[in-house]
Amino acid sequence: MELELLGWIGSFCFAICAIPQAYMSYKDGHSRGISWGLLILWFIGEVCTLIYIAPKKHIPLIVNYLSNLVFIIIILKYKVFERANLKRINL
């Protein structure tokens, strides 16, 4: 039981660790400070691991990887599509 709780706590922490960066990307309207390599490898890693663990129905890990996938997509969105008003200012 204690190990299951540790799994949930760890998965929850990993699931929310991208929230500050996703929020910053949303607030600032860009993700300029994050490298493409990190984002692409992170995205591929999340998708592959999610495909691997989904049939095992290990819920804490599924919650973790699905949450991270959502936040990566938000960060990628602002990496590709910066807000138009920021491009003119050249921040």
# chains A, B, ... in the order shown; residues from 1 in each chain; ligands from 1
>>> residues_around(residues="Trp8 of chain A", least_positions_apart="2", cutoff="12 Å", atoms="only C-alpha atoms", output="JSON, numbers by chain")
{"A": [1, 2, 3, 4, 5, 6, 10, 11, 12, 13, 14, 15, 58, 59, 60, 61, 62, 63, 64]}
>>> closest_atom_pairs(of="segment 38-82 of chain A", to="segment 25-28 of chain A", cutoff="8 Å", atoms="only C-alpha atoms", output="tab-separated table")
residue	atom	partner	partner_atom	distance
A:Ile74	CA	A:Tyr26	CA	7.6
A:Ile75	CA	A:Ser25	CA	6.0
A:Tyr78	CA	A:Ser25	CA	6.1
>>> select_by_dssp(residues="segment 14-88 of chain A", states="helix (DSSP H, G or I)", output="MDAnalysis selection string")
chainID A and resid 14:16 19:28 36:56 59:80 84:88
>>> closest_residue(among="A:Val80, A:Leu38, A:Met24, A:Leu50", to="Leu66 of chain A", atoms="only C-alpha atoms")
A:Leu50
>>> residues_around(residues="Trp36 of chain A", least_positions_apart="5", cutoff="9 Å", atoms="only C-alpha atoms", output="number ranges by chain")
A: 41, 76, 79
>>> closest_residue(among="A:Gln21, A:Thr49, A:Ser31, A:Asn68", to="Glu82 of chain A", atoms="only C-alpha atoms")
A:Ser31
>>> closest_residue(among="A:Tyr65, A:Lys57, A:Phe71, A:Ile16", to="Leu39 of chain A", atoms="only C-alpha atoms")
A:Phe71
>>> atom_distance(atom1="atom CA of Pro55 of chain A", atom2="atom CA of Gly37 of chain A")
28.4 Å
>>> atom_distance(atom1="atom CA of His30 of chain A", atom2="atom CA of Ala18 of chain A")
15.1 Å
